[in-house]
>>> print(open('structure-v4.csv').read())   # CSV, C-alpha atoms
chain,number,residue,atom,x,y,z
A,1,MET,CA,0.0,0.0,0.0
A,2,SER,CA,1.4,3.4,-0.9
A,3,GLY,CA,1.4,6.5,1.3
A,4,VAL,CA,-0.9,9.4,1.1
A,5,GLY,CA,0.1,12.7,-0.5
A,6,VAL,CA,-1.4,16.1,0.3
A,7,LEU,CA,-1.7,18.6,-2.5
A,8,THR,CA,-3.1,22.1,-2.4
A,9,ASP,CA,-2.6,25.5,-4.1
A,10,SER,CA,-0.9,28.4,-2.4
A,11,CYS,CA,-4.2,30.2,-1.8
A,12,ALA,CA,-4.8,27.8,1.1
A,13,SER,CA,-2.4,29.9,3.2
A,14,ILE,CA,-0.9,27.0,5.1
A,15,PRO,CA,2.0,28.2,7.2
A,16,GLU,CA,5.3,27.5,5.5
A,17,ALA,CA,6.6,25.6,8.5
A,18,LEU,CA,3.7,23.2,8.4
A,19,ILE,CA,4.1,22.7,4.7
A,20,GLY,CA,7.6,21.5,5.3
A,21,GLU,CA,6.8,19.5,8.4
A,22,LEU,CA,3.9,17.6,6.7
A,23,ASN,CA,5.6,17.4,3.3
A,24,ILE,CA,2.6,19.1,1.6
A,25,GLU,CA,2.9,19.6,-2.2
A,26,VAL,CA,1.9,23.2,-2.9
A,27,VAL,CA,1.0,24.4,-6.4
A,28,PRO,CA,1.7,28.2,-6.5
A,29,TYR,CA,-0.6,30.9,-7.6
A,30,TYR,CA,0.8,33.4,-10.1
A,31,ILE,CA,1.2,37.0,-9.0
A,32,HIS,CA,1.4,39.7,-11.7
A,33,ARG,CA,3.1,42.9,-10.6
A,34,GLY,CA,3.5,45.3,-13.4
A,35,ARG,CA,5.2,43.3,-16.1
A,36,GLU,CA,6.6,40.7,-13.7
A,37,THR,CA,5.0,37.3,-13.2
A,38,LEU,CA,6.0,35.6,-9.9
A,39,ARG,CA,5.0,32.4,-8.3
A,40,ASP,CA,3.6,32.6,-4.8
A,41,LEU,CA,5.9,31.1,-2.1
A,42,VAL,CA,8.5,30.3,-4.8
A,43,ASP,CA,9.6,33.7,-6.2
A,44,VAL,CA,8.0,35.8,-3.5
A,45,LYS,CA,7.3,35.0,0.1
A,46,ARG,CA,4.2,36.1,2.0
A,47,LYS,CA,5.9,38.8,4.1
A,48,GLU,CA,7.3,40.4,0.9
A,49,PHE,CA,3.9,40.2,-0.8
A,50,PHE,CA,2.2,42.0,2.0
A,51,GLU,CA,4.9,44.7,2.1
A,52,TRP,CA,4.2,45.3,-1.6
A,53,LEU,CA,0.5,45.7,-0.8
A,54,ALA,CA,1.2,48.3,1.8
A,55,THR,CA,3.1,50.5,-0.6
A,56,ALA,CA,1.8,49.7,-4.1
A,57,LYS,CA,0.4,52.4,-6.4
A,58,GLU,CA,-1.2,49.6,-8.4
A,59,LEU,CA,-2.2,46.4,-6.7
A,60,PRO,CA,-0.8,43.1,-8.0
A,61,LYS,CA,-3.1,40.7,-9.6
A,62,THR,CA,-3.3,36.9,-9.2
A,63,ALA,CA,-4.0,34.0,-11.4
A,64,ASN,CA,-4.8,30.4,-10.7
A,65,PRO,CA,-2.3,27.7,-11.3
A,66,SER,CA,-2.9,26.0,-14.7
A,67,ALA,CA,-4.1,22.4,-15.2
A,68,GLY,CA,-0.5,21.6,-16.3
A,69,ASP,CA,0.9,23.0,-13.1
A,70,PHE,CA,-1.4,20.6,-11.2
A,71,LEU,CA,-0.6,17.7,-13.5
A,72,GLU,CA,3.1,18.2,-12.8
A,73,ALA,CA,2.4,18.3,-9.0
A,74,TYR,CA,0.4,15.1,-9.2
A,75,LYS,CA,3.3,13.4,-11.1
A,76,ARG,CA,5.7,14.4,-8.3
A,77,LEU,CA,3.3,12.8,-5.7
A,78,ALA,CA,2.9,9.6,-7.7
>>> encode(input="structure-v4.csv", output="structure tokens")
Amino acid sequence: MSGVGVLTDSCASIPEALIGELNIEVVPYYIHRGRETLRDLVDVKRKEFFEWLATAKELPKTANPSAGDFLEAYKRLA
């Protein structure tokens, strides 16, 4: 019998320490800031993101992970 994997997207806001402790696979949301596209928890950490919000002239936008992003995450769990 194989183990159980836990997969979520970064919108779940699970504390990073718990993600590591429980080995949770997180598929990042995309954050668009100006012409930059960043991956939540990969290219930008939560503290930095909230600092941007406090000083931003234009708020960043987010986009869901793609079906392909989830497929790759499922493959890593398999």
>>> closest_residue(input="structure-v4.csv", among="A:Glu51, A:Glu58, A:Asp40, A:Asp69", to="A:Ser13", atoms="all atoms listed in the file")
A:Asp40
>>> residues_around(input="structure-v4.csv", residues="stretch 43-49 of chain A", least_positions_apart="3", cutoff="10 Å", atoms="all atoms listed in the file", output="count of residues only")
14
>>> atom_distance(input="structure-v4.csv", atom1="atom CA of A:Leu77", atom2="atom CA of A:Gly3")
9.6 Å
>>> atom_distance(input="structure-v4.csv", atom1="atom CA of A:Leu41", atom2="atom CA of A:Tyr29")
8.5 Å
>>> closest_residue(input="structure-v4.csv", among="A:Asp9, A:Val4, A:Ala17, A:Arg33", to="A:Ala67", atoms="all atoms listed in the file")
A:Asp9
>>> closest_residue(input="structure-v4.csv", among="A:Lys57, A:Pro65, A:Leu71, A:Val6", to="A:Val27", atoms="all atoms listed in the file")
A:Pro65
>>> atom_distance(input="structure-v4.csv", atom1="atom CA of A:Leu59", atom2="atom CA of A:Ile19")
27.0 Å
>>> closest_residue(input="structure-v4.csv", among="A:Ala56, A:Val26, A:Ala78, A:Ala73", to="A:Ala12", atoms="all atoms listed in the file")
A:Val26
>>> decode(input="structure-v4.csv", residues="stretch 16-33 of chain A", atoms="N, CA and C atoms", output="PDB file, in the first residue's frame")
ATOM      1  N   GLU A  16       4.194  28.115   6.172  1.00  0.00           N
ATOM      2  CA  GLU A  16       5.309  27.458   5.491  1.00  0.00           C
ATOM      3  C   GLU A  16       5.977  26.385   6.348  1.00  0.00           C
ATOM      4  N   ALA A  17       6.051  26.596   7.646  1.00  0.00           N
ATOM      5  CA  ALA A  17       6.646  25.585   8.533  1.00  0.00           C
ATOM      6  C   ALA A  17       5.839  24.289   8.492  1.00  0.00           C
ATOM      7  N   LEU A  18       4.529  24.397   8.450  1.00  0.00           N
ATOM      8  CA  LEU A  18       3.661  23.221   8.408  1.00  0.00           C
ATOM      9  C   LEU A  18       3.763  22.514   7.056  1.00  0.00           C
ATOM     10  N   ILE A  19       3.916  23.283   5.990  1.00  0.00           N
ATOM     11  CA  ILE A  19       4.096  22.697   4.656  1.00  0.00           C
ATOM     12  C   ILE A  19       5.312  21.778   4.669  1.00  0.00           C
ATOM     13  N   GLY A  20       6.409  22.268   5.227  1.00  0.00           N
ATOM     14  CA  GLY A  20       7.629  21.467   5.298  1.00  0.00           C
ATOM     15  C   GLY A  20       7.500  20.282   6.230  1.00  0.00           C
ATOM     16  N   GLU A  21       6.902  20.517   7.379  1.00  0.00           N
ATOM     17  CA  GLU A  21       6.761  19.462   8.391  1.00  0.00           C
ATOM     18  C   GLU A  21       5.918  18.297   7.879  1.00  0.00           C
ATOM     19  N   LEU A  22       4.835  18.607   7.178  1.00  0.00           N
ATOM     20  CA  LEU A  22       3.914  17.566   6.705  1.00  0.00           C
ATOM     21  C   LEU A  22       4.169  17.157   5.256  1.00  0.00           C
ATOM     22  N   ASN A  23       5.209  17.742   4.645  1.00  0.00           N
ATOM     23  CA  ASN A  23       5.562  17.438   3.262  1.00  0.00           C
ATOM     24  C   ASN A  23       4.377  17.628   2.313  1.00  0.00           C
ATOM     25  N   ILE A  24       3.730  18.767   2.424  1.00  0.00           N
ATOM     26  CA  ILE A  24       2.575  19.098   1.585  1.00  0.00           C
ATOM     27  C   ILE A  24       3.076  19.646   0.253  1.00  0.00           C
ATOM     28  N   GLU A  25       2.534  19.155  -0.828  1.00  0.00           N
ATOM     29  CA  GLU A  25       2.863  19.648  -2.166  1.00  0.00           C
ATOM     30  C   GLU A  25       1.981  20.863  -2.442  1.00  0.00           C
ATOM     31  N   VAL A  26       2.605  22.012  -2.695  1.00  0.00           N
ATOM     32  CA  VAL A  26       1.860  23.249  -2.918  1.00  0.00           C
ATOM     33  C   VAL A  26       2.079  23.723  -4.351  1.00  0.00           C
ATOM     34  N   VAL A  27       0.991  23.913  -5.074  1.00  0.00           N
ATOM     35  CA  VAL A  27       1.042  24.449  -6.428  1.00  0.00           C
ATOM     36  C   VAL A  27       0.841  25.964  -6.309  1.00  0.00           C
ATOM     37  N   PRO A  28       1.823  26.753  -6.730  1.00  0.00           N
ATOM     38  CA  PRO A  28       1.733  28.189  -6.487  1.00  0.00           C
ATOM     39  C   PRO A  28       0.768  28.927  -7.411  1.00  0.00           C
ATOM     40  N   TYR A  29       0.100  29.917  -6.829  1.00  0.00           N
ATOM     41  CA  TYR A  29      -0.648  30.896  -7.609  1.00  0.00           C
ATOM     42  C   TYR A  29       0.362  31.787  -8.308  1.00  0.00           C
ATOM     43  N   TYR A  30      -0.064  32.439  -9.375  1.00  0.00           N
ATOM     44  CA  TYR A  30       0.774  33.414 -10.059  1.00  0.00           C
ATOM     45  C   TYR A  30       0.409  34.809  -9.570  1.00  0.00           C
ATOM     46  N   ILE A  31       1.415  35.630  -9.379  1.00  0.00           N
ATOM     47  CA  ILE A  31       1.222  37.013  -8.964  1.00  0.00           C
ATOM     48  C   ILE A  31       1.790  37.898 -10.070  1.00  0.00           C
ATOM     49  N   HIS A  32       0.946  38.757 -10.615  1.00  0.00           N
ATOM     50  CA  HIS A  32       1.364  39.680 -11.670  1.00  0.00           C
ATOM     51  C   HIS A  32       1.526  41.059 -11.056  1.00  0.00           C
ATOM     52  N   ARG A  33       2.743  41.549 -11.096  1.00  0.00           N
ATOM     53  CA  ARG A  33       3.051  42.876 -10.562  1.00  0.00           C
ATOM     54  C   ARG A  33       3.731  43.647 -11.684  1.00  0.00           C
TER      55      ARG A  33
END
